[in-house]
Amino acid sequence: MAWVLLFIIGAATLTFLFILLTEGKYFGKGLMHRIYDQVGPVMFGARTEAEQWRRFVDRLGLRGDERILDVGTATGELPLALAATIGFFGEVVGVDWSQRMMEVAADTAAGRGLDERVTFQVADLRAGLPFDDGEFDVVFCLGLLETMPSPERALRELRRVLVQEGMMVLSLYRGALSSRIAALSLDWYEQHLLPLGLGDVKVATCRRSQDVVVARPSPSAEGVWPGATEPLGGAQGDREGPAGPELAFEAMDESDIPVLTHVMRRAFDDDAQKHFGRERGGPPGYDDGEFFRKWLLPYEQSVGYKVRSGGEVVGGIIVWILPKGDNILGTMFIDPDYQDRGVGEKTWRFIEARYPESASWRLQTPTRATKNHHFYAKCGFEQVESDPLIPTEDGMTIYRKEMGDSLQPLAESPVRRRPEPVEASRRSEPGRPG
């Protein structure tokens, strides 16, 4: 009986260590997340590696005035070490998806008198970071990218918030066991960093079994990196070049419903997984074509366009064009394979050019869909508390963009009180725009 008990304890211990070592890479992600949130603050808070971090940061040759982001910061030891470094007078932000970790980090910062030099906030890399393009000079991501279901997409998101000439620091595990089961290889990094304009890739020693990849733009690189984002008048591109994929916009009709439903289903399900932790989810009819039959076809005010790239339908947009030009963006959906490539931005610019006499636009989006908020803000929308054409709902955020002087106040327009456009806007909540 004792041997059985010892075997069970040994097996459980090995399984637990395997999950911790691989950080949920092969199985047990949900279990790993629960362990991380519950045990992490005690486990990480029980030790300090401040001196190791300071020695490591010294080797990076920072100027001292950088704005630095640490993604997956745990209890914030790296940001805290940076903020306490003599000669550093920049700004440090640490993010982690665990609320408990962030509470521990914030308390530690306050206890060390560093709370004015370092900030912590809850953010999930999988759902998108709540920062503008090019907001940071240096981005750290240590021990997290390996756990992502799509590390390539996560890497693009890290690149998005980094300035064009910035530096990215990523974990590279060494050691026979960890390097085989937990790490992304140096070859993988080189392959995926180069298209992002970070061709100068070096390896540096960090701590124990962890080296780091330090990536910067190649010294000989000219122009912007292929995924760079220009102001609204440019576009977010990808490997197709600075202008992004070539797109065509065509009016929707009933024969398009099957292919549009396929793309809409992929877009909304991807949204559900990123923002709500569900495998599937979207507005009624999003997965069987009824959405288009109910909200596009019956109404004269409702206009839809399909988005093509290379002949393939990769997205769609439905808008409500109302009298006096106070219009509604009903839904925009982009295939997940074409997100983060400027397709959403180009699609919205097409709509603005197609309806130049619009006085204003409004929309509603889930409060938790952080990527949507970043996108709409970049397109010039501003968050508002209410709008006569959009119902106020818990968990939803309303945005509006003024294009010019409205011909009459919103509340005085009888057409704008019609229930069909209002309901359509509510029911056709957009997927992540791209």
# chains A, B, ... in the order shown; residues from 1 in each chain; ligands from 1

call {"tool": "residues_around", "arguments": {"residues": "region 211-215 of chain A", "least_positions_apart": "6", "cutoff": "6 Å", "atoms": "only C-alpha atoms", "output": "list in words"}}
result
Met167, Met168, Val169, Leu170, Ser171, Leu172, Tyr173, Leu198, Asp200, Val201, Lys202, Val203, Ala204 and Thr205 of chain A

call {"tool": "residues_around", "arguments": {"residues": "Trp361 (chain A)", "least_positions_apart": "2", "cutoff": "7 Å", "atoms": "only C-alpha atoms", "output": "ChimeraX atom specification"}}
result
/A:326-329,400-402

call {"tool": "residues_around", "arguments": {"residues": "Trp53 (chain A)", "least_positions_apart": "4", "cutoff": "8 Å", "atoms": "only C-alpha atoms", "output": "list in words"}}
result
Glu49, Val57, Glu77, Leu78, Ala81, Leu82 and Cys206 of chain A

call {"tool": "select_by_dssp", "arguments": {"residues": "region 225-357 of chain A", "states": "alpha helix (DSSP H)", "output": "ChimeraX atom specification"}}
result
/A:257-271,290-295,343-354

call {"tool": "write_last_selection", "arguments": {"atoms": "C-alpha atoms", "output": "mmCIF file, in the first residue's frame"}}
result
data_model
loop_
_atom_site.group_PDB
_atom_site.id
_atom_site.type_symbol
_atom_site.label_atom_id
_atom_site.label_comp_id
_atom_site.auth_asym_id
_atom_site.auth_seq_id
_atom_site.Cartn_x
_atom_site.Cartn_y
_atom_site.Cartn_z
ATOM 1 C CA ILE A 257 -24.525 34.572 -48.151
ATOM 2 C CA PRO A 258 -22.853 31.105 -47.982
ATOM 3 C CA VAL A 259 -19.284 32.364 -48.334
ATOM 4 C CA LEU A 260 -19.916 35.442 -46.167
ATOM 5 C CA THR A 261 -21.402 33.243 -43.442
ATOM 6 C CA HIS A 262 -18.289 31.069 -43.490
ATOM 7 C CA VAL A 263 -16.050 34.110 -43.008
ATOM 8 C CA MET A 264 -18.347 35.661 -40.395
ATOM 9 C CA ARG A 265 -18.424 32.427 -38.400
ATOM 10 C CA ARG A 266 -14.628 32.213 -38.367
ATOM 11 C CA ALA A 267 -14.292 35.866 -37.326
ATOM 12 C CA PHE A 268 -16.835 35.765 -34.499
ATOM 13 C CA ASP A 269 -15.650 32.404 -33.174
ATOM 14 C CA ASP A 270 -12.098 33.755 -33.108
ATOM 15 C CA ASP A 271 -13.407 36.762 -31.172
ATOM 16 C CA GLU A 290 -29.947 34.184 -41.164
ATOM 17 C CA PHE A 291 -28.043 37.224 -39.971
ATOM 18 C CA PHE A 292 -27.779 38.545 -43.561
ATOM 19 C CA ARG A 293 -31.357 37.579 -44.435
ATOM 20 C CA LYS A 294 -32.677 39.421 -41.402
ATOM 21 C CA TRP A 295 -30.516 42.547 -41.214
ATOM 22 C CA VAL A 343 -7.649 44.925 -43.908
ATOM 23 C CA GLY A 344 -10.019 46.415 -41.353
ATOM 24 C CA GLU A 345 -8.469 49.857 -41.635
ATOM 25 C CA LYS A 346 -8.609 49.813 -45.433
ATOM 26 C CA THR A 347 -12.218 48.641 -45.303
ATOM 27 C CA TRP A 348 -13.223 51.520 -43.078
ATOM 28 C CA ARG A 349 -11.394 54.046 -45.260
ATOM 29 C CA PHE A 350 -13.329 52.657 -48.226
ATOM 30 C CA ILE A 351 -16.637 53.292 -46.410
ATOM 31 C CA GLU A 352 -15.668 56.863 -45.508
ATOM 32 C CA ALA A 353 -14.688 57.527 -49.125
ATOM 33 C CA ARG A 354 -17.853 55.851 -50.429
#

call {"tool": "atom_distance", "arguments": {"atom1": "CA of Asp58 (chain A)", "atom2": "CA of Pro217 (chain A)"}}
result
20.3 Å

call {"tool": "residues_around", "arguments": {"residues": "Asp132 (chain A)", "least_positions_apart": "6", "cutoff": "10 Å", "atoms": "only C-alpha atoms", "output": "PDB file with C-alpha atoms, in the first residue's frame"}}
result
ATOM      1  CA  ARG A 160       2.673  46.483 -32.991  1.00  0.00           C
ATOM      2  CA  VAL A 161       3.234  48.311 -29.718  1.00  0.00           C
ATOM      3  CA  LEU A 162       6.984  48.673 -30.342  1.00  0.00           C
ATOM      4  CA  HIS A 374      -7.918  50.124 -30.268  1.00  0.00           C
ATOM      5  CA  PHE A 375      -9.060  49.788 -33.876  1.00  0.00           C
ATOM      6  CA  ALA A 377      -9.906  54.759 -31.727  1.00  0.00           C
ATOM      7  CA  LYS A 378      -7.275  54.553 -34.464  1.00  0.00           C
TER       8      LYS A 378
END

call {"tool": "residues_around", "arguments": {"residues": "Arg117 (chain A)", "least_positions_apart": "5", "cutoff": "9 Å", "atoms": "only C-alpha atoms", "output": "PyMOL selection string"}}
result
chain A and resi 80+83-84+89-93+109

call {"tool": "write_last_selection", "arguments": {"atoms": "C-alpha atoms", "output": "short mmCIF file (atom, residue, chain, number, x, y, z; two decimals), in the first residue's frame"}}
result
data_model
loop_
_atom_site.label_atom_id
_atom_site.label_comp_id
_atom_site.auth_asym_id
_atom_site.auth_seq_id
_atom_site.Cartn_x
_atom_site.Cartn_y
_atom_site.Cartn_z
CA LEU A 80 10.63 46.87 -10.39
CA ALA A 83 12.48 51.36 -12.01
CA ALA A 84 15.02 51.08 -9.18
CA PHE A 89 14.41 57.86 -15.48
CA GLY A 90 12.08 56.45 -18.10
CA GLU A 91 8.71 54.76 -17.62
CA VAL A 92 8.00 51.06 -17.05
CA VAL A 93 4.70 49.25 -17.50
CA ALA A 109 6.00 48.83 -5.91
#

call {"tool": "atom_distance", "arguments": {"atom1": "CA of Met148 (chain A)", "atom2": "CA of Gln121 (chain A)"}}
result
19.6 Å

call {"tool": "atom_distance", "arguments": {"atom1": "CA of Glu146 (chain A)", "atom2": "CA of Arg341 (chain A)"}}
result
22.6 Å

call {"tool": "residues_around", "arguments": {"residues": "Tyr305 (chain A)", "least_positions_apart": "6", "cutoff": "6 Å", "atoms": "only C-alpha atoms", "output": "PDB file with C-alpha atoms, in the first residue's frame"}}
result
ATOM      1  CA  GLU A 250     -18.053  44.682 -53.979  1.00  0.00           C
ATOM      2  CA  ALA A 251     -21.717  45.062 -53.020  1.00  0.00           C
ATOM      3  CA  MET A 252     -23.192  42.056 -51.213  1.00  0.00           C
ATOM      4  CA  GLY A 316     -17.455  42.068 -45.021  1.00  0.00           C
ATOM      5  CA  ILE A 317     -19.040  45.224 -43.669  1.00  0.00           C
TER       6      ILE A 317
END

call {"tool": "residues_around", "arguments": {"residues": "Ala369 (chain A)", "least_positions_apart": "3", "cutoff": "12 Å", "atoms": "only C-alpha atoms", "output": "PyMOL selection string"}}
result
chain A and resi 123-124+126-130+268+270-277+364-366+372-376+395-397+429-433

call {"tool": "select_by_dssp", "arguments": {"residues": "region 193-416 of chain A", "states": "strand (DSSP E)", "output": "PyMOL selection string"}}
result
chain A and resi 200-207+210-216+248-251+302-309+312-320+326-334+360-366+382-384+396-402

call {"tool": "closest_residue", "arguments": {"among": "A:Ser302, A:Gly342, A:Gly311, A:Leu155", "to": "Gln191 (chain A)", "atoms": "only C-alpha atoms"}}
result
A:Leu155
